[in-house]
Amino acid sequence: MGEAIVITSGKGGVGKTTTSANIGTALALQGKKVCLVDTDIGLRNLDVVMGLENRIIYDLVDVVEKRCKIHQALVKDKRFDGLLYLLPAAQTVDKSAVTAEQMQELIEELKQDYEFIIIDCPAGIEQGFKNAIAGADQAIVVVTPEVSAVRDADRIIGLLEKEKHMEPPRLIVNRIRNHMMKSGDMLGLDEITQHLSIELVGIVADDEEVIKASNHGEPIALNPNSKASIAYRNIARRILGESIPLQPLEETNKGMFSKLKKFFGVR
Amino acid sequence: MKKRQNVTIKGTKDGLVLHLDDACSYQELKRELDDKLSQTLRAQEEGRIIAVKVEIGNRYLTEDQREELKTLIRQKKNLVVDDIESNVITKEEAKALRAETEVVTVSRIIRSGQVLKVPGDLLIIGDVNPGGEVIAGGNIFIMGTLRGLAHAGCYGNHDAVIAASQLRASQLRISDCLNRGPDHITSNEKHEMECAYINENHQIIIDRLQALIHLRPNLTRLEGGH
């Protein structure tokens, strides 16, 4: 029996889809059998980020309306040997095409065959959100260090806490710009975690490589040299139950002089 | 042997007190009251209006019966009912009374979009986040940070107060008064252990928590204290 994790945020544009793609990829890299489910019906793009757009034949709505079998709609990611699949969202209809009960049934069925089901949730708190969380056992809330994103995350956490079938939600702070956090122009990590008071499962630095990789249809988690990639891989390992300390946000390639200064305790 | 009187009239310095026996039937009581008032008050027909307090002991009167007695007494020219005092109340009234005076303890975070409303006092162990609302008929005490909206004394109690470990509310309301937070919060102000109350000028004032000891002594509910 697999575990269904919904990736949500309330606010749009904080990186739900990128996070879903990378957590899914990182879990598959750990040898887990993963299915990504895009519930953003009408505005799908998890397939684009994964670079699987041109392989879609059937979609989620086809499955719930029984026009095809579930395995016919799943798109296999060739980069992983049968470990990573994607169930794409429909593009021609909207969120009301699916009910929460149908989603629950669908996720339940997927849980028989996969170890992890990563559900990419649409922005907002309406039907699309309700559908996305209906079948999930866990939730990860993505937030950026902005006041508006934190407000929306707070609202979402309140809604998730009311769902009796789910474990308490966990948090990812995405797009951290260290210099802005230090100067106080961005919300600090402590401020965010204190405000939302839920468990922090990972932090991801703002990295141009992430955007580049997404545009190429290759999740950044595949690139072992990027900081963001390591962050996503660490998140995956924490989901698997390992305890890994948070990555330091400071730049690592400081040069000899600053290292010496640090050694002698000069500020 | 003359039977015991069901209606007795006593004169006090505040006016007349009508004591109505609680053992007889309501019909009997009404008849006797009518009789009694007709004979005894004939003497002072030209006097001024006299306030009457009615004591009914352990009898429960419905709203209609109360009205009936009031009209009955009012008909006797210069009498007017000031108050009807009974030793008994219904279960519903008792429950409402308890709800108004009890302190409800809630141990959770009130998040954006959530509204918590209680008829009496509210004690929150946790934070109230921006966009969250807590509303109470009485006082609000928050052991945590208040960043959202708090409305104390929502049914018009001007004596209600709001107290928090950290008072950084976006808006404070007490009864019909309103106060909003500053537009720019300077982070070095700590706002620890503060309270809000309405002063004589009908304005919400923020002060140290300890100020309440003198301003609202009624907050003490220790046994025997009133």
# chains A, B, ... in the order shown; residues from 1 in each chain; ligands from 1

call {"tool": "residues_around", "arguments": {"residues": "range 106-123 of chain B", "least_positions_apart": "4", "cutoff": "10 Å", "atoms": "only C-alpha atoms", "output": "ChimeraX atom specification"}}
result
/A:150-159,195-197 /B:96-102,127-155,160-164

call {"tool": "residues_around", "arguments": {"residues": "range 16-33 of chain A", "least_positions_apart": "4", "cutoff": "8 Å", "atoms": "only C-alpha atoms", "output": "JSON, numbers by chain"}}
result
{"A": [7, 8, 9, 45, 46, 49, 50, 80, 82, 83, 84, 114, 115, 116, 118, 119, 120, 121, 142, 214, 219, 220, 221, 222, 229, 232, 233, 235, 236, 237]}

call {"tool": "write_last_selection", "arguments": {"atoms": "C-alpha atoms", "output": "short mmCIF file (atom, residue, chain, number, x, y, z; two decimals), in the first residue's frame"}}
result
data_model
loop_
_atom_site.label_atom_id
_atom_site.label_comp_id
_atom_site.auth_asym_id
_atom_site.auth_seq_id
_atom_site.Cartn_x
_atom_site.Cartn_y
_atom_site.Cartn_z
CA ILE A 7 1.83 19.24 -2.84
CA THR A 8 -0.17 22.40 -2.22
CA SER A 9 0.27 26.09 -1.40
CA ASN A 45 1.85 21.68 -16.84
CA LEU A 46 3.45 18.98 -14.77
CA VAL A 49 8.10 20.30 -16.60
CA MET A 50 8.72 16.55 -16.78
CA PHE A 80 13.75 5.73 -14.93
CA GLY A 82 9.72 1.70 -14.79
CA LEU A 83 9.94 3.64 -11.53
CA LEU A 84 8.36 6.96 -12.50
CA TYR A 114 2.92 2.53 -6.35
CA GLU A 115 4.95 3.30 -3.25
CA PHE A 116 4.44 7.03 -3.58
CA ILE A 118 2.70 12.72 -5.58
CA ILE A 119 -0.36 14.88 -6.24
CA ASP A 120 0.21 18.29 -7.79
CA CYS A 121 -2.54 20.57 -6.47
CA VAL A 142 5.07 25.02 -0.39
CA SER A 214 12.12 23.04 -16.11
CA PRO A 219 13.68 18.19 -13.44
CA ILE A 220 16.65 19.77 -11.66
CA ALA A 221 16.81 16.80 -9.29
CA LEU A 222 18.44 14.85 -12.14
CA SER A 229 18.89 19.42 -6.72
CA TYR A 232 15.14 18.18 -3.38
CA ARG A 233 17.04 14.95 -2.90
CA ILE A 235 13.56 16.36 0.98
CA ALA A 236 12.94 12.98 -0.64
CA ARG A 237 15.18 11.29 1.91
#

call {"tool": "closest_residue", "arguments": {"among": "A:Glu209, A:Glu218, A:Asp185, A:Glu109", "to": "Ala4 in chain A", "atoms": "only C-alpha atoms"}}
result
A:Glu109

call {"tool": "residues_around", "arguments": {"residues": "Gly188 in chain A", "least_positions_apart": "3", "cutoff": "12 Å", "atoms": "only C-alpha atoms", "output": "number ranges by chain"}}
result
A: 144-147, 150, 173, 176-185, 191-195, 203, 249

call {"tool": "select_by_dssp", "arguments": {"residues": "range 4-224 of chain B", "states": "alpha helix (DSSP H)", "output": "PyMOL selection string"}}
result
chain B and resi 26-40+63-74+91-101+211-215

call {"tool": "residues_around", "arguments": {"residues": "range 91-106 of chain A", "least_positions_apart": "5", "cutoff": "7 Å", "atoms": "only C-alpha atoms", "output": "list in words"}}
result
Ile41, Gly42, Leu43, Arg44, Val61, Val64, Gln127, Gly128, Lys130, Asn131, Ala134 and Gly135 of chain A

call {"tool": "residues_around", "arguments": {"residues": "Tyr197 in chain B", "least_positions_apart": "5", "cutoff": "9 Å", "atoms": "only C-alpha atoms", "output": "VMD selection string"}}
result
chain B and resid 158 to 163 174 203 to 207 212 215

call {"tool": "select_by_dssp", "arguments": {"residues": "range 1-118 of chain B", "states": "strand (DSSP E)", "output": "ChimeraX atom specification"}}
result
/B:7-12,15-20,50-55,79-85,103-106,115-118

call {"tool": "atom_distance", "arguments": {"atom1": "CA of Arg59 in chain B", "atom2": "CA of Cys24 in chain B"}}
result
9.6 Å

call {"tool": "residues_around", "arguments": {"residues": "Ile70 in chain A", "least_positions_apart": "3", "cutoff": "10 Å", "atoms": "only C-alpha atoms", "output": "mmCIF file with N, CA and C atoms, in the first residue's frame"}}
result
data_model
loop_
_atom_site.group_PDB
_atom_site.id
_atom_site.type_symbol
_atom_site.label_atom_id
_atom_site.label_comp_id
_atom_site.auth_asym_id
_atom_site.auth_seq_id
_atom_site.Cartn_x
_atom_site.Cartn_y
_atom_site.Cartn_z
ATOM 1 N N TYR A 58 -4.159 9.468 -23.073
ATOM 2 C CA TYR A 58 -5.351 9.654 -22.249
ATOM 3 C C TYR A 58 -4.977 10.502 -21.037
ATOM 4 N N ASP A 59 -5.993 11.037 -20.367
ATOM 5 C CA ASP A 59 -5.708 11.848 -19.176
ATOM 6 C C ASP A 59 -6.584 11.443 -17.994
ATOM 7 N N LEU A 60 -6.448 12.196 -16.915
ATOM 8 C CA LEU A 60 -7.138 11.902 -15.664
ATOM 9 C C LEU A 60 -8.662 11.839 -15.834
ATOM 10 N N ASP A 62 -10.309 11.141 -18.560
ATOM 11 C CA ASP A 62 -10.626 9.909 -19.301
ATOM 12 C C ASP A 62 -10.714 8.724 -18.342
ATOM 13 N N VAL A 63 -9.816 8.705 -17.353
ATOM 14 C CA VAL A 63 -9.795 7.585 -16.410
ATOM 15 C C VAL A 63 -11.037 7.603 -15.521
ATOM 16 N N VAL A 64 -11.350 8.760 -14.921
ATOM 17 C CA VAL A 64 -12.492 8.784 -14.002
ATOM 18 C C VAL A 64 -13.808 8.593 -14.749
ATOM 19 N N LYS A 66 -14.090 6.571 -17.171
ATOM 20 C CA LYS A 66 -14.002 5.179 -17.632
ATOM 21 C C LYS A 66 -13.890 5.058 -19.154
ATOM 22 N N ARG A 67 -13.293 6.040 -19.774
ATOM 23 C CA ARG A 67 -13.043 5.928 -21.212
ATOM 24 C C ARG A 67 -11.791 5.110 -21.483
ATOM 25 N N ALA A 73 -3.563 5.416 -19.323
ATOM 26 C CA ALA A 73 -3.384 6.864 -19.232
ATOM 27 C C ALA A 73 -2.017 7.237 -18.660
ATOM 28 N N LEU A 74 -1.405 6.311 -17.925
ATOM 29 C CA LEU A 74 -0.132 6.641 -17.280
ATOM 30 C C LEU A 74 0.991 6.780 -18.306
ATOM 31 N N LEU A 87 0.393 10.701 -14.349
ATOM 32 C CA LEU A 87 -0.998 10.736 -14.783
ATOM 33 C C LEU A 87 -1.331 12.190 -15.098
ATOM 34 N N LEU A 106 -9.648 6.983 -7.371
ATOM 35 C CA LEU A 106 -8.509 6.897 -8.286
ATOM 36 C C LEU A 106 -7.191 6.743 -7.518
ATOM 37 N N GLU A 109 -6.770 3.398 -5.952
ATOM 38 C CA GLU A 109 -6.371 2.379 -6.927
ATOM 39 C C GLU A 109 -4.868 2.474 -7.208
ATOM 40 N N LEU A 110 -4.368 3.704 -7.348
ATOM 41 C CA LEU A 110 -2.937 3.892 -7.632
ATOM 42 C C LEU A 110 -2.072 3.420 -6.461
#

call {"tool": "residues_around", "arguments": {"residues": "Pro168 in chain A", "least_positions_apart": "5", "cutoff": "8 Å", "atoms": "only C-alpha atoms", "output": "PyMOL selection string"}}
result
chain A and resi 138-139+160-161+198
